[in-house]
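To start, the structure under review is shown below, and the notes come after it.
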Amino acid sequence: MSEIPGHDYNHLAKRLLGPGEPELTCEECFEHLDRYVELELSGQDADAAIPGMAPHLMGCPACGEDHRSLRDLVSSE
Amino acid sequence: MPVLTEIPGATVEPAAESLFESAMSQRVDLPQAPGPDAESRAWVVALRDGAPDREDATRRLHDLLLRAARFEINRRRASHPHLRGGDLDDLANQAANDALLAILRKLSTYRGDSRFTTWAYKFALLEAAVRVRRRAWQGKELPIEPAHWSVMADGGDSPGQAAEDAELLEFIKDAMRTELSAHQREVLVAVALNDVPIDVLADRLDTTRGALYKTIHDARKKLRSHLAAASLRFETELEGSGDRP
């Protein structure tokens, strides 16, 4: 049986168990994503302004992708 | 880095009400930003029903949305080599069209928390991403069995932290079998282990992305409670994790 590196065990556990702290829903994430990204890009504390967003972006792969896309698009302008 | 921690004398911790759960019953009101800037206000005024320059504003907005949709699709091209140029441009146009309709429908909900263009972009990016994910999985069977179980079961010879992590994964694997419903297990495995996009799975199960994520959230909560009952804890630091840029 093959063995995977230790960090992959850790990564799998993280994916299965999620953030383990209060988080927004997907709908709330979408609603606040634009403000979150602008706060991030302006160097402000986006996580303090929108609590629950960072855990959701870690726990939801699709919303995490959406976040990276919006941040990269806006920062490319 | 997440750590496996023994908690002496730990009992099952009552889960604090999460934002997620409170949102199920009532809306979460977060502090709002100041209103829109002048340029954003001009967009909203020009796009309103009956505005004299609405047609021109709609065309300009569609151009922006198409640019955003192409941006999204281009960044996903490498992971979907079977998608061809003509398909991709069709997808971008469909995404821009649907995003435009959604924006015009929701125009009155724009509060100016961000620039209007940032607010609008997220609709185009979402529409494009969903289309690419659907197209990539079209006609494919969705894997709901854990592809990583075989490697998860090994690790006894790993040194230090890796051995602890392997042991933890074995515990989680058992808990998934004993603590989760069949539906919770299938959804968690498909999305968290097998990289099935949540919106693709939602389509197949005739439900919504939000409803499926609630299923995942509840499953994770059960698993963490089971860990706590066994005096185990897995801590996830958000900052600097591999999932966050």
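Chain labels A, B, ... are given in the sequence in which chains occur in the structure tokens; within each chain residues are numbered consecutively from 1, and ligands are likewise numbered from 1 in the order shown.
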
For B:Glu39, work out the shell of residues within 12 Å, counting only C-alpha atoms and skipping chain neighbours fewer than 6 positions away, then give it as a PDB file with C-alpha atoms, in the first residue's frame.
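This went into result-v6.pdb:
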```pdb
ATOM      1  CA  VAL B  45     -28.691  55.723 -12.457  1.00  0.00           C
ATOM      2  CA  ALA B  46     -27.876  54.895 -16.086  1.00  0.00           C
ATOM      3  CA  GLY B 112     -22.365  50.588  -2.610  1.00  0.00           C
ATOM      4  CA  SER B 114     -17.815  48.147  -3.108  1.00  0.00           C
ATOM      5  CA  ARG B 115     -17.357  49.811  -6.471  1.00  0.00           C
ATOM      6  CA  PHE B 116     -20.195  48.955  -8.839  1.00  0.00           C
ATOM      7  CA  THR B 117     -17.830  47.197 -11.231  1.00  0.00           C
TER       8      THR B 117
END
```

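For stretch 61-67 of chain A, the non-local neighbours within 9 Å, defined as residues at least 3 positions apart in the same chain or in other chains and counting only C-alpha atoms, are A:Cys26, A:Cys29, A:Phe30, A:Leu33, A:Asp34, A:Tyr36, A:Val37, A:His56, A:Leu57, A:Met58, A:Leu70, A:Arg71, A:Asp72, B:Lys122, B:Leu125, B:Leu126, B:Ala129, B:Val191, B:Ala192, B:Asp195, B:Pro197, B:Ile198, B:Asp199, B:Asp243, B:Arg244.
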
Using C-alpha atoms, can you export the residues from the last selection as a compact mmCIF listing (two decimals), in the first residue's frame?
```
# COMPACT_ATOMS: atom_id res chain seq x y z
CA CYS A 26 -22.45 30.36 0.56
CA CYS A 29 -20.29 34.79 1.12
CA PHE A 30 -21.45 35.83 -2.35
CA LEU A 33 -17.45 38.97 -1.48
CA ASP A 34 -17.02 42.23 -3.41
CA TYR A 36 -14.25 41.68 1.26
CA VAL A 37 -12.00 41.74 -1.80
CA HIS A 56 -15.97 29.87 4.77
CA LEU A 57 -13.41 30.50 2.04
CA MET A 58 -11.23 27.82 3.62
CA LEU A 70 -12.49 38.24 -8.07
CA ARG A 71 -9.40 39.35 -6.17
CA ASP A 72 -7.15 38.60 -9.14
CA LYS B 122 -18.69 38.72 -9.14
CA LEU B 125 -17.17 35.25 -12.55
CA LEU B 126 -19.72 33.04 -10.83
CA ALA B 129 -17.06 29.34 -13.22
CA VAL B 191 -16.71 17.56 -2.50
CA ALA B 192 -13.97 17.45 0.15
CA ASP B 195 -12.90 17.43 -5.83
CA PRO B 197 -17.51 20.87 -7.68
CA ILE B 198 -20.31 21.59 -5.24
CA ASP B 199 -22.52 23.23 -7.87
CA ASP B 243 -6.15 26.84 0.55
CA ARG B 244 -5.78 30.54 1.01
```

*Please identify which residues in stretch 82-148 of chain B DSSP calls alpha helix (DSSP H) from the backbone, and express them as a PyMOL selection string.*
chain B and resi 85-105+116-137

*Provide as number ranges by chain the residues of chain A at most 7 Å from chain B, counting only C-alpha atoms.*
A: 1-4, 6, 9-10, 13-19, 22-27, 34-35, 38, 50, 52, 55, 58, 62, 66, 69-70, 74

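Checking B:Arg48, B:Arg59, B:Ala190, B:Phe171 one by one against B:Ser231, counting only C-alpha atoms, you find the shortest gap at B:Phe171.
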